[in-house]
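Asker: Data file final26.tsv (TSV, C-alpha atoms) is appended below.
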```
chain	number	residue	atom	x	y	z
Q	1	MET	CA	105.73	53.05	123.56
Q	2	ASP	CA	102.72	51.15	122.23
Q	3	GLN	CA	100.97	52.20	119.05
Q	4	ARG	CA	98.08	53.97	120.78
Q	5	LYS	CA	100.44	56.14	122.81
Q	6	ARG	CA	102.45	56.90	119.68
Q	7	LEU	CA	99.30	58.03	117.90
Q	8	TYR	CA	98.30	60.26	120.81
Q	9	ALA	CA	101.82	61.74	120.96
Q	10	ALA	CA	101.74	62.44	117.21
Q	11	GLY	CA	98.32	64.05	117.57
Q	12	ALA	CA	99.57	66.21	120.43
Q	13	MET	CA	102.54	67.27	118.30
Q	14	ALA	CA	100.23	68.25	115.43
Q	15	VAL	CA	98.08	70.32	117.80
Q	16	ALA	CA	101.19	71.97	119.29
Q	17	VAL	CA	102.47	72.95	115.84
Q	18	PHE	CA	99.08	74.42	114.87
Q	19	VAL	CA	98.93	76.41	118.11
Q	20	LEU	CA	102.50	77.68	117.63
Q	21	ILE	CA	101.68	78.89	114.13
Q	22	GLN	CA	98.51	80.65	115.24
Q	23	LEU	CA	100.04	82.22	118.34
Q	24	GLY	CA	102.94	83.33	116.17
Q	25	ALA	CA	100.53	84.93	113.72
Q	26	VAL	CA	98.80	86.82	116.54
Q	27	ALA	CA	102.14	88.01	117.89
Q	28	LEU	CA	103.13	89.27	114.44
Q	29	VAL	CA	100.01	91.26	113.50
Q	30	GLY	CA	101.09	94.38	115.38
Q	31	PRO	CA	104.72	94.41	114.19
Q	32	PHE	CA	103.63	93.61	110.62
Q	33	GLU	CA	101.12	96.47	110.62
Q	34	ARG	CA	103.71	98.92	111.95
Q	35	ALA	CA	106.20	97.73	109.33
Q	36	GLY	CA	103.68	98.42	106.56
Q	37	TYR	CA	103.24	94.80	105.48
Q	38	GLN	CA	99.50	95.10	104.92
Q	39	ALA	CA	99.09	93.70	101.41
Q	40	VAL	CA	96.00	95.68	100.31
Q	41	GLU	CA	94.80	99.25	100.66
Q	42	ASN	CA	91.31	98.33	101.88
Q	43	PRO	CA	91.35	95.13	103.97
Q	44	THR	CA	87.57	95.22	104.45
Q	45	ASP	CA	86.85	94.85	100.72
Q	46	PRO	CA	85.33	91.37	100.07
Q	47	ALA	CA	86.81	91.46	96.55
Q	48	ASN	CA	90.19	90.74	98.16
Q	49	SER	CA	89.01	87.19	98.82
Q	50	ALA	CA	88.05	86.65	95.18
Q	51	VAL	CA	91.43	87.92	94.02
Q	52	TYR	CA	93.26	85.60	96.39
Q	53	ILE	CA	91.18	82.57	95.39
Q	54	GLY	CA	91.89	83.38	91.75
Q	55	ALA	CA	95.60	83.50	92.56
Q	56	ILE	CA	95.36	80.07	94.20
Q	57	LEU	CA	93.71	78.60	91.11
Q	58	VAL	CA	96.38	80.06	88.85
Q	59	ALA	CA	99.18	78.86	91.12
Q	60	THR	CA	97.68	75.36	91.30
Q	61	ALA	CA	97.41	75.17	87.52
Q	62	ALA	CA	101.01	76.36	87.16
Q	63	MET	CA	102.31	73.77	89.63
Q	64	LEU	CA	100.41	70.97	87.90
Q	65	ALA	CA	101.89	72.09	84.57
Q	66	VAL	CA	105.41	72.11	86.05
Q	67	ILE	CA	104.91	68.59	87.41
Q	68	LYS	CA	103.52	67.34	84.11
Q	69	LEU	CA	106.49	68.81	82.23
Q	70	GLY	CA	108.91	67.15	84.65
Q	71	ILE	CA	110.68	70.33	85.77
Q	72	GLN	CA	110.20	69.89	89.49
Q	73	TRP	CA	113.47	71.74	90.13
Q	74	LEU	CA	111.62	74.92	89.18
Q	75	LEU	CA	108.92	74.21	91.75
Q	76	ARG	CA	111.55	73.38	94.37
Q	77	GLY	CA	113.38	76.63	93.71
Q	78	PHE	CA	110.17	78.65	93.90
Q	79	VAL	CA	109.08	77.13	97.22
Q	80	VAL	CA	112.52	77.55	98.81
Q	81	PHE	CA	112.69	81.15	97.60
Q	82	SER	CA	109.20	81.82	98.96
Q	83	SER	CA	110.21	80.23	102.28
Q	84	GLY	CA	113.19	82.54	102.53
Q	85	LEU	CA	111.11	85.58	101.58
Q	86	VAL	CA	108.36	84.95	104.14
Q	87	SER	CA	110.93	84.21	106.84
Q	88	LEU	CA	112.67	87.48	105.96
Q	89	TYR	CA	109.43	89.34	106.71
Q	90	VAL	CA	109.21	87.53	110.05
Q	91	PHE	CA	112.84	88.01	111.05
Q	92	SER	CA	112.83	91.65	109.96
Q	93	VAL	CA	110.31	92.55	112.67
Q	94	LEU	CA	111.80	90.25	115.32
Q	95	ALA	CA	115.53	90.86	114.91
Q	96	PRO	CA	117.24	93.74	116.73
Q	97	PRO	CA	117.25	96.92	114.60
Q	98	VAL	CA	120.71	96.53	113.09
Q	99	SER	CA	121.42	97.96	109.65
Q	100	ALA	CA	124.06	97.53	106.99
Q	101	SER	CA	124.46	98.79	103.44
Q	102	LEU	CA	125.54	97.03	100.29
Q	103	ALA	CA	125.54	98.67	96.85
Q	104	GLY	CA	123.42	101.47	98.23
Q	105	VAL	CA	120.80	99.08	99.68
Q	106	THR	CA	120.17	99.22	103.44
Q	107	PHE	CA	119.14	95.96	105.13
Q	108	ASN	CA	119.10	94.17	108.46
Q	109	PRO	CA	121.94	91.61	108.29
Q	110	LEU	CA	120.46	89.54	111.13
Q	111	ALA	CA	117.11	89.18	109.35
Q	112	VAL	CA	118.72	88.47	105.99
Q	113	GLY	CA	121.14	86.01	107.57
Q	114	GLY	CA	118.31	84.14	109.30
Q	115	ALA	CA	116.33	83.87	106.05
Q	116	VAL	CA	119.38	82.66	104.13
Q	117	VAL	CA	120.19	80.04	106.78
Q	118	LEU	CA	116.60	78.75	106.66
Q	119	ALA	CA	116.65	78.49	102.86
Q	120	ILE	CA	120.03	76.73	102.85
Q	121	ALA	CA	118.86	74.29	105.54
Q	122	LEU	CA	115.84	73.39	103.41
Q	123	LEU	CA	118.07	72.72	100.42
Q	124	ALA	CA	120.90	70.95	102.23
Q	125	TYR	CA	119.20	68.96	104.99
Q	126	PRO	CA	115.38	68.79	104.76
Q	127	GLU	CA	114.89	66.46	107.73
Q	128	TRP	CA	111.44	66.48	109.30
Q	129	TYR	CA	112.35	68.86	112.13
Q	130	VAL	CA	113.91	71.31	109.65
Q	131	ILE	CA	110.76	71.15	107.53
Q	132	ASP	CA	108.53	71.65	110.57
Q	133	ALA	CA	110.60	74.53	111.96
Q	134	ALA	CA	110.48	76.27	108.59
Q	135	GLY	CA	106.75	75.54	108.43
Q	136	VAL	CA	106.12	77.23	111.78
Q	137	VAL	CA	108.01	80.36	110.68
Q	138	MET	CA	106.36	80.44	107.25
Q	139	GLY	CA	102.92	79.59	108.60
Q	140	ALA	CA	102.99	82.27	111.29
Q	141	GLY	CA	104.32	84.85	108.84
Q	142	ALA	CA	101.80	84.06	106.10
Q	143	ALA	CA	98.84	83.95	108.51
Q	144	GLY	CA	99.96	87.21	110.11
Q	145	ILE	CA	100.31	89.07	106.80
Q	146	PHE	CA	96.99	87.80	105.48
Q	147	GLY	CA	95.37	88.40	108.86
Q	148	ILE	CA	96.07	92.15	108.71
Q	149	SER	CA	95.20	92.22	105.00
Q	150	PHE	CA	91.80	90.51	105.25
Q	151	GLY	CA	89.14	92.12	107.40
Q	152	LEU	CA	86.58	89.98	109.18
Q	153	LEU	CA	84.16	89.56	106.26
Q	154	PRO	CA	86.88	88.90	103.63
Q	155	ALA	CA	88.60	86.43	105.98
Q	156	ILE	CA	85.37	84.48	106.61
Q	157	LEU	CA	84.52	84.46	102.90
Q	158	LEU	CA	88.03	83.25	102.12
Q	159	LEU	CA	87.82	80.39	104.60
Q	160	VAL	CA	84.38	79.29	103.37
Q	161	ALA	CA	85.42	79.38	99.72
Q	162	LEU	CA	88.66	77.48	100.35
Q	163	ALA	CA	86.85	74.82	102.40
Q	164	VAL	CA	84.47	74.22	99.48
Q	165	TYR	CA	87.34	74.24	96.98
Q	166	ASP	CA	89.33	71.81	99.13
Q	167	ALA	CA	86.43	69.37	99.30
Q	168	ILE	CA	85.85	69.54	95.53
Q	169	SER	CA	89.55	69.16	94.69
Q	170	VAL	CA	89.92	66.10	96.94
Q	171	TYR	CA	86.61	64.28	96.59
Q	172	GLY	CA	85.61	65.52	93.15
Q	173	THR	CA	88.31	66.41	90.63
Q	174	GLU	CA	91.07	64.86	92.78
Q	175	HIS	CA	93.64	67.14	91.16
Q	176	MET	CA	95.11	67.86	94.59
Q	177	LEU	CA	96.10	64.20	94.78
Q	178	THR	CA	98.12	64.64	91.60
Q	179	LEU	CA	99.71	67.77	93.02
Q	180	ALA	CA	100.59	66.01	96.27
Q	181	ASP	CA	102.20	63.11	94.43
Q	182	GLY	CA	104.32	65.60	92.51
Q	183	VAL	CA	105.62	67.62	95.47
Q	184	MET	CA	105.97	65.14	98.33
Q	185	ASP	CA	109.27	63.64	97.19
Q	186	LEU	CA	110.74	67.14	96.80
Q	187	LYS	CA	110.81	67.38	100.62
Q	188	LEU	CA	109.63	70.96	100.86
Q	189	PRO	CA	107.88	72.92	103.64
Q	190	VAL	CA	104.48	72.57	102.01
Q	191	VAL	CA	103.66	69.93	104.62
Q	192	LEU	CA	104.14	69.52	108.34
Q	193	VAL	CA	105.75	66.15	109.03
Q	194	ILE	CA	104.40	64.44	112.16
Q	195	PRO	CA	106.49	61.33	112.97
Q	196	LEU	CA	105.16	58.55	115.16
Q	197	THR	CA	108.64	57.37	116.18
Q	198	LEU	CA	111.80	59.22	117.19
Q	199	SER	CA	113.77	57.07	114.74
Q	200	TYR	CA	111.74	58.25	111.74
Q	201	SER	CA	113.75	60.03	109.04
Q	202	PHE	CA	112.04	62.13	106.39
Q	203	LEU	CA	115.28	62.10	104.38
Q	204	ASP	CA	115.17	58.30	104.09
Q	205	ASP	CA	111.42	58.04	103.53
Q	206	SER	CA	109.51	57.99	100.26
Q	207	PRO	CA	106.53	60.20	101.06
Q	208	THR	CA	104.63	59.23	97.89
Q	209	ALA	CA	104.42	55.73	99.28
Q	210	ASN	CA	102.30	57.23	102.05
Q	211	ALA	CA	100.40	59.69	99.87
Q	212	ASP	CA	97.06	57.99	100.46
Q	213	GLU	CA	97.32	58.63	104.18
Q	214	SER	CA	98.46	62.23	104.12
Q	215	VAL	CA	96.99	65.66	104.31
Q	216	GLU	CA	98.17	67.33	101.15
Q	217	ALA	CA	99.97	70.61	100.61
Q	218	ASP	CA	96.95	72.75	99.81
Q	219	GLY	CA	94.95	71.58	102.78
Q	220	GLY	CA	93.38	68.52	101.19
Q	221	GLU	CA	93.94	64.98	102.29
Q	222	GLY	CA	94.84	62.10	100.07
Q	223	GLU	CA	91.88	59.81	99.49
Q	224	GLY	CA	92.67	56.13	99.10
Q	225	SER	CA	90.95	54.31	96.28
Q	226	GLU	CA	88.89	51.18	96.77
Q	227	THR	CA	91.62	49.03	95.19
Q	228	ASN	CA	94.44	50.63	97.18
Q	229	PRO	CA	92.99	51.78	100.50
Q	230	PRO	CA	95.11	53.80	102.91
Q	231	PRO	CA	96.90	51.72	105.55
Q	232	ALA	CA	95.54	51.38	109.03
Q	233	ALA	CA	96.98	53.58	111.75
Q	234	GLY	CA	99.05	50.73	113.13
Q	235	ASP	CA	100.87	50.31	109.80
Q	236	ARG	CA	102.20	53.86	109.47
Q	237	ASP	CA	105.04	55.76	111.06
Q	238	VAL	CA	104.26	59.31	109.94
Q	239	PHE	CA	101.45	61.74	109.15
Q	240	PHE	CA	101.74	64.58	106.65
Q	241	VAL	CA	99.60	67.61	107.45
Q	242	GLY	CA	99.35	70.30	104.80
Q	243	LEU	CA	100.86	73.62	105.83
Q	244	GLY	CA	97.83	75.30	104.29
Q	245	ASP	CA	95.68	73.49	106.85
Q	246	ALA	CA	97.37	75.50	109.59
Q	247	VAL	CA	97.71	78.78	107.70
Q	248	MET	CA	94.13	79.23	106.48
Q	249	PRO	CA	92.30	79.05	109.83
Q	250	GLY	CA	95.23	81.05	111.22
Q	251	VAL	CA	94.25	83.89	108.89
Q	252	LEU	CA	90.93	84.24	110.72
Q	253	VAL	CA	92.65	83.99	114.11
Q	254	ALA	CA	95.00	86.83	113.15
Q	255	SER	CA	92.18	88.84	111.55
Q	256	ALA	CA	90.08	88.47	114.70
Q	257	ALA	CA	93.02	89.59	116.84
Q	258	PHE	CA	93.57	92.63	114.63
Q	259	PHE	CA	90.09	93.70	113.52
Q	260	ALA	CA	87.54	92.39	116.04
Q	261	PRO	CA	86.49	95.11	118.53
Q	262	ALA	CA	87.48	93.12	121.62
Q	263	ARG	CA	90.12	93.84	124.22
Q	264	PRO	CA	93.28	91.71	124.36
Q	265	LEU	CA	93.23	89.08	127.07
Q	266	ILE	CA	96.87	89.84	127.91
Q	267	PRO	CA	98.17	93.42	127.90
Q	268	GLY	CA	100.65	93.92	125.09
Q	269	PHE	CA	99.56	90.77	123.24
Q	270	ALA	CA	96.86	90.97	120.56
Q	271	LEU	CA	95.08	87.75	121.53
Q	272	SER	CA	91.42	88.60	122.20
Q	273	LEU	CA	88.60	86.26	123.18
Q	274	PRO	CA	87.30	85.90	119.57
Q	275	ALA	CA	90.83	85.09	118.39
Q	276	LEU	CA	91.31	82.59	121.21
Q	277	THR	CA	88.03	80.79	120.54
Q	278	ALA	CA	88.88	80.70	116.81
Q	279	MET	CA	92.05	78.86	117.83
Q	280	VAL	CA	90.05	76.49	120.02
Q	281	GLY	CA	87.65	75.84	117.14
Q	282	THR	CA	90.58	75.07	114.84
Q	283	VAL	CA	92.02	72.60	117.35
Q	284	CYS	CA	88.62	70.90	117.69
Q	285	GLY	CA	88.45	70.51	113.91
Q	286	LEU	CA	92.01	69.18	113.88
Q	287	VAL	CA	91.24	66.59	116.55
Q	288	VAL	CA	88.28	65.29	114.52
Q	289	LEU	CA	90.41	65.26	111.38
Q	290	LEU	CA	93.23	63.32	113.05
Q	291	ARG	CA	90.79	60.78	114.45
Q	292	LEU	CA	89.52	60.12	110.94
Q	293	VAL	CA	93.06	59.81	109.58
Q	294	MET	CA	94.11	57.48	112.40
Q	295	LYS	CA	91.28	55.15	111.45
Q	296	GLY	CA	92.86	54.75	108.04
Q	297	ARG	CA	90.49	57.16	106.30
Q	298	ALA	CA	91.53	60.29	104.44
Q	299	HIS	CA	89.56	63.52	104.18
Q	300	ALA	CA	89.83	67.11	103.01
Q	301	GLY	CA	91.20	69.13	105.90
Q	302	LEU	CA	89.87	72.65	105.44
Q	303	PRO	CA	86.12	71.94	105.79
Q	304	LEU	CA	86.73	70.79	109.37
Q	305	LEU	CA	89.51	73.22	110.24
Q	306	ASN	CA	88.03	76.36	108.68
Q	307	GLY	CA	84.57	75.43	109.90
Q	308	GLY	CA	85.89	75.02	113.43
Q	309	ALA	CA	87.73	78.34	113.27
Q	310	ILE	CA	84.66	80.24	112.04
Q	311	ALA	CA	82.35	78.64	114.60
Q	312	GLY	CA	84.82	79.28	117.41
Q	313	TYR	CA	85.34	82.88	116.35
Q	314	LEU	CA	81.58	83.60	116.32
Q	315	VAL	CA	81.16	82.06	119.78
Q	316	GLY	CA	83.94	84.24	121.15
Q	317	ALA	CA	82.66	87.36	119.40
Q	318	ILE	CA	79.15	86.93	120.79
Q	319	ALA	CA	80.56	86.18	124.25
Q	320	SER	CA	82.54	89.44	123.98
Q	321	GLY	CA	79.33	91.37	123.36
Q	322	ILE	CA	80.04	92.01	119.68
Q	323	PRO	CA	76.85	92.13	117.60
Q	324	VAL	CA	76.62	89.36	115.00
Q	325	VAL	CA	76.48	91.88	112.17
Q	326	THR	CA	79.70	93.48	113.37
Q	327	ALA	CA	81.36	90.13	114.01
Q	328	LEU	CA	80.63	89.11	110.42
Q	329	GLY	CA	81.91	92.41	109.06
Q	330	LEU	CA	78.53	93.20	107.49
Q	331	GLY	CA	78.03	96.57	109.16
Q	332	PRO	CA	79.08	98.72	106.16
Q	333	TYR	CA	76.66	96.83	103.90
Q	334	LEU	CA	73.52	96.97	106.06
```
Would you mind writing the file's structure down as structure tokens?

Answerer:
Amino acid sequence: MDQRKRLYAAGAMAVAVFVLIQLGAVALVGPFERAGYQAVENPTDPANSAVYIGAILVATAAMLAVIKLGIQWLLRGFVVFSSGLVSLYVFSVLAPPVSASLAGVTFNPLAVGGAVVLAIALLAYPEWYVIDAAGVVMGAGAAGIFGISFGLLPAILLLVALAVYDAISVYGTEHMLTLADGVMDLKLPVVLVIPLTLSYSFLDDSPTANADESVEADGGEGEGSETNPPPAAGDRDVFFVGLGDAVMPGVLVASAAFFAPARPLIPGFALSLPALTAMVGTVCGLVVLLRLVMKGRAHAGLPLLNGGAIAGYLVGAIASGIPVVTALGLGPYL
């Protein structure tokens, strides 16, 4: 397969993973709501977005401190534990309703077993397909939970704020580059690994050697310096796409499926026209982003991805006959 075909295949894989995560999030919004996984009491409160952004800033500062102190094992343990926890939420609503008790605690052994297997796989054999499979489960679960916890206005505000923050942290302060350098070699599901060859092995690779060509964990992309520019597309055998790049626009997709007053396109499945067009907008942003990366340039991911999701959502909402004020979640404030 020549290089151009390999690049197109890798791009198609990236799109497929994004779509899987977002469709998974839509499929989970109903079961998550019935299971009581809504994270806030009032999902329409715009203050929820500010709280979440504050939590991101604190978490970023904590991770940078851990990296600076050289205790990456702590970060690795936290991410693997979080992976298992999010997957437990997902498996608990998908697994058959089987129950067992241990020390007076009732649990679903199938859900717990699935989460434990995923966590062990990440620790024991973090090959690219293990990382990506865990990323799909985590991404769908996180987007689904945040989707039912952020109403339309909070979700849009969150995406706008994170797009701005992503651009500043990549092109301005560049602290996301430091964070990426610190976590890439840990081989954790903070990135989606998109190989360009079937022979590629994430276990044998040194991701930091490719840091200048990757989309980083928090949704930003590594930016090559003038003295060490990122390699051309023909010189690379892998792309790293931040898991946050898929999760954040997925939050709006799930929120639109759950909160937008539009009928589902398929009976029994929450996907409405606004949610579908938000997905299409995300994919359009991803295609533009990948084209830039394949040219050997690196960019922040969320401005394009979140911008595409918001634009696509508004197009679908208007096409569904939803007034703009309602689509933006501004009704209670006007």

Asker: At a cut-off of 12 Å, using all atoms listed in the file, what residues contact Gly329 of chain Q? Leave out same-chain residues fewer than 4 positions from it and give the result as a list of chain:residue names.

Answerer: Q:Pro43, Q:Thr44, Q:Asp45, Q:Pro46, Q:Phe150, Q:Gly151, Q:Leu152, Q:Leu153, Q:Pro154, Q:Ala155, Q:Ile156, Q:Leu157, Q:Ser255, Q:Ala256, Q:Phe259, Q:Ala260, Q:Pro261, Q:Leu314, Q:Ala317, Q:Ile322, Q:Pro323, Q:Val324, Q:Val325, Q:Tyr333, Q:Leu334

Asker: Write to file, as an mmCIF file, in the frame of the given file, the residues of the selection just made, with C-alpha atoms.

Answerer:
```
data_model
loop_
_atom_site.group_PDB
_atom_site.id
_atom_site.type_symbol
_atom_site.label_atom_id
_atom_site.label_comp_id
_atom_site.auth_asym_id
_atom_site.auth_seq_id
_atom_site.Cartn_x
_atom_site.Cartn_y
_atom_site.Cartn_z
ATOM 1 C CA PRO Q 43 91.350 95.130 103.970
ATOM 2 C CA THR Q 44 87.570 95.220 104.450
ATOM 3 C CA ASP Q 45 86.850 94.850 100.720
ATOM 4 C CA PRO Q 46 85.330 91.370 100.070
ATOM 5 C CA PHE Q 150 91.800 90.510 105.250
ATOM 6 C CA GLY Q 151 89.140 92.120 107.400
ATOM 7 C CA LEU Q 152 86.580 89.980 109.180
ATOM 8 C CA LEU Q 153 84.160 89.560 106.260
ATOM 9 C CA PRO Q 154 86.880 88.900 103.630
ATOM 10 C CA ALA Q 155 88.600 86.430 105.980
ATOM 11 C CA ILE Q 156 85.370 84.480 106.610
ATOM 12 C CA LEU Q 157 84.520 84.460 102.900
ATOM 13 C CA SER Q 255 92.180 88.840 111.550
ATOM 14 C CA ALA Q 256 90.080 88.470 114.700
ATOM 15 C CA PHE Q 259 90.090 93.700 113.520
ATOM 16 C CA ALA Q 260 87.540 92.390 116.040
ATOM 17 C CA PRO Q 261 86.490 95.110 118.530
ATOM 18 C CA LEU Q 314 81.580 83.600 116.320
ATOM 19 C CA ALA Q 317 82.660 87.360 119.400
ATOM 20 C CA ILE Q 322 80.040 92.010 119.680
ATOM 21 C CA PRO Q 323 76.850 92.130 117.600
ATOM 22 C CA VAL Q 324 76.620 89.360 115.000
ATOM 23 C CA VAL Q 325 76.480 91.880 112.170
ATOM 24 C CA TYR Q 333 76.660 96.830 103.900
ATOM 25 C CA LEU Q 334 73.520 96.970 106.060
#
```

Asker: As a ChimeraX atom specification, please: the residues near Val137 of chain Q (cut-off 12 Å, all atoms listed in the file, same-chain neighbours under 3 positions excluded).

Answerer: /Q:17-18,20-25,28,82-91,94,114-115,118-119,130-134,140-144,189,192,243,246-247

Asker: Give the answer as one residue: which of Q:Leu290, Q:His299, Q:Val191, Q:Val79 has the shortest atom-to-atom distance to Val170 of chain Q, using all atoms listed in the file?

Answerer: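 For Val170 of chain Q, the nearest of the given residues is Q:His299.
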
Asker: Which value, in Å to one decimal, gives the distance between atom CA of Ile120 of chain Q and atom CA of Phe107 of chain Q?

Answerer: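 Separation between atom CA of Ile120 of chain Q and atom CA of Phe107 of chain Q: 19.4 Å.
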
Asker: Applying 10 Å and only C-alpha atoms, which residues near Pro274 of chain Q remain after dropping the ones on its own chain fewer than 6 positions away? List them as a PyMOL selection string.

Answerer: chain Q and resi 252-253+255-257+260-264+280+309-310+312-320+322+327

Asker: Could you check how far atom CA of Asn42 of chain Q sits from atom CA of Ile56 of chain Q, in Å to one decimal?

Answerer: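 About the pair atom CA of Asn42 of chain Q and atom CA of Ile56 of chain Q: they are 20.2 Å apart.
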
Asker: May I ask which of the residues Q:Ile67, Q:Val29, Q:Ala55, Q:Val238 is the closest one to Thr197 of chain Q, counting only C-alpha atoms?

Answerer: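 Ranked by minimum distance to Thr197 of chain Q, first place goes to Q:Val238.
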
Asker: Which distance in Å separates atom CA of Ala163 of chain Q and atom CA of Gly307 of chain Q, to one decimal?

Answerer: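 So the two atoms, atom CA of Ala163 of chain Q and atom CA of Gly307 of chain Q, lie 7.9 Å apart.
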
Asker: Please provide as a PyMOL selection string all residues within 12 Å of Ala59 of chain Q, with the sequence filter that same-chain residues fewer than 6 positions apart are discarded (counting only C-alpha atoms).

Answerer: chain Q and resi 52-53+65-66+75+78-79+179+218

Asker: Here is a test: counting all atoms listed in the file, which residue of Q:Val51, Q:Ala39, Q:Ala9, Q:Leu305 is nearest to Leu158 of chain Q?

Answerer: Q:Val51

Asker: Which of these, Q:Met279, Q:Leu286, Q:Val26, Q:Val112, has the shortest distance to Leu302 of chain Q once you count only C-alpha atoms?

Answerer: Q:Leu286

Asker: Give as a list in words the set of residues within 9 Å of the point (101.5, 60.7, 116.9), where distances use the file's coordinates and all atoms listed in the file.

Answerer: Gln3, Arg4, Lys5, Arg6, Leu7, Tyr8, Ala9, Ala10, Gly11, Ala12, Met13, Ala14, Ile194, Pro195, Leu196, Thr197, Asp237, Val238 and Phe239 of chain Q
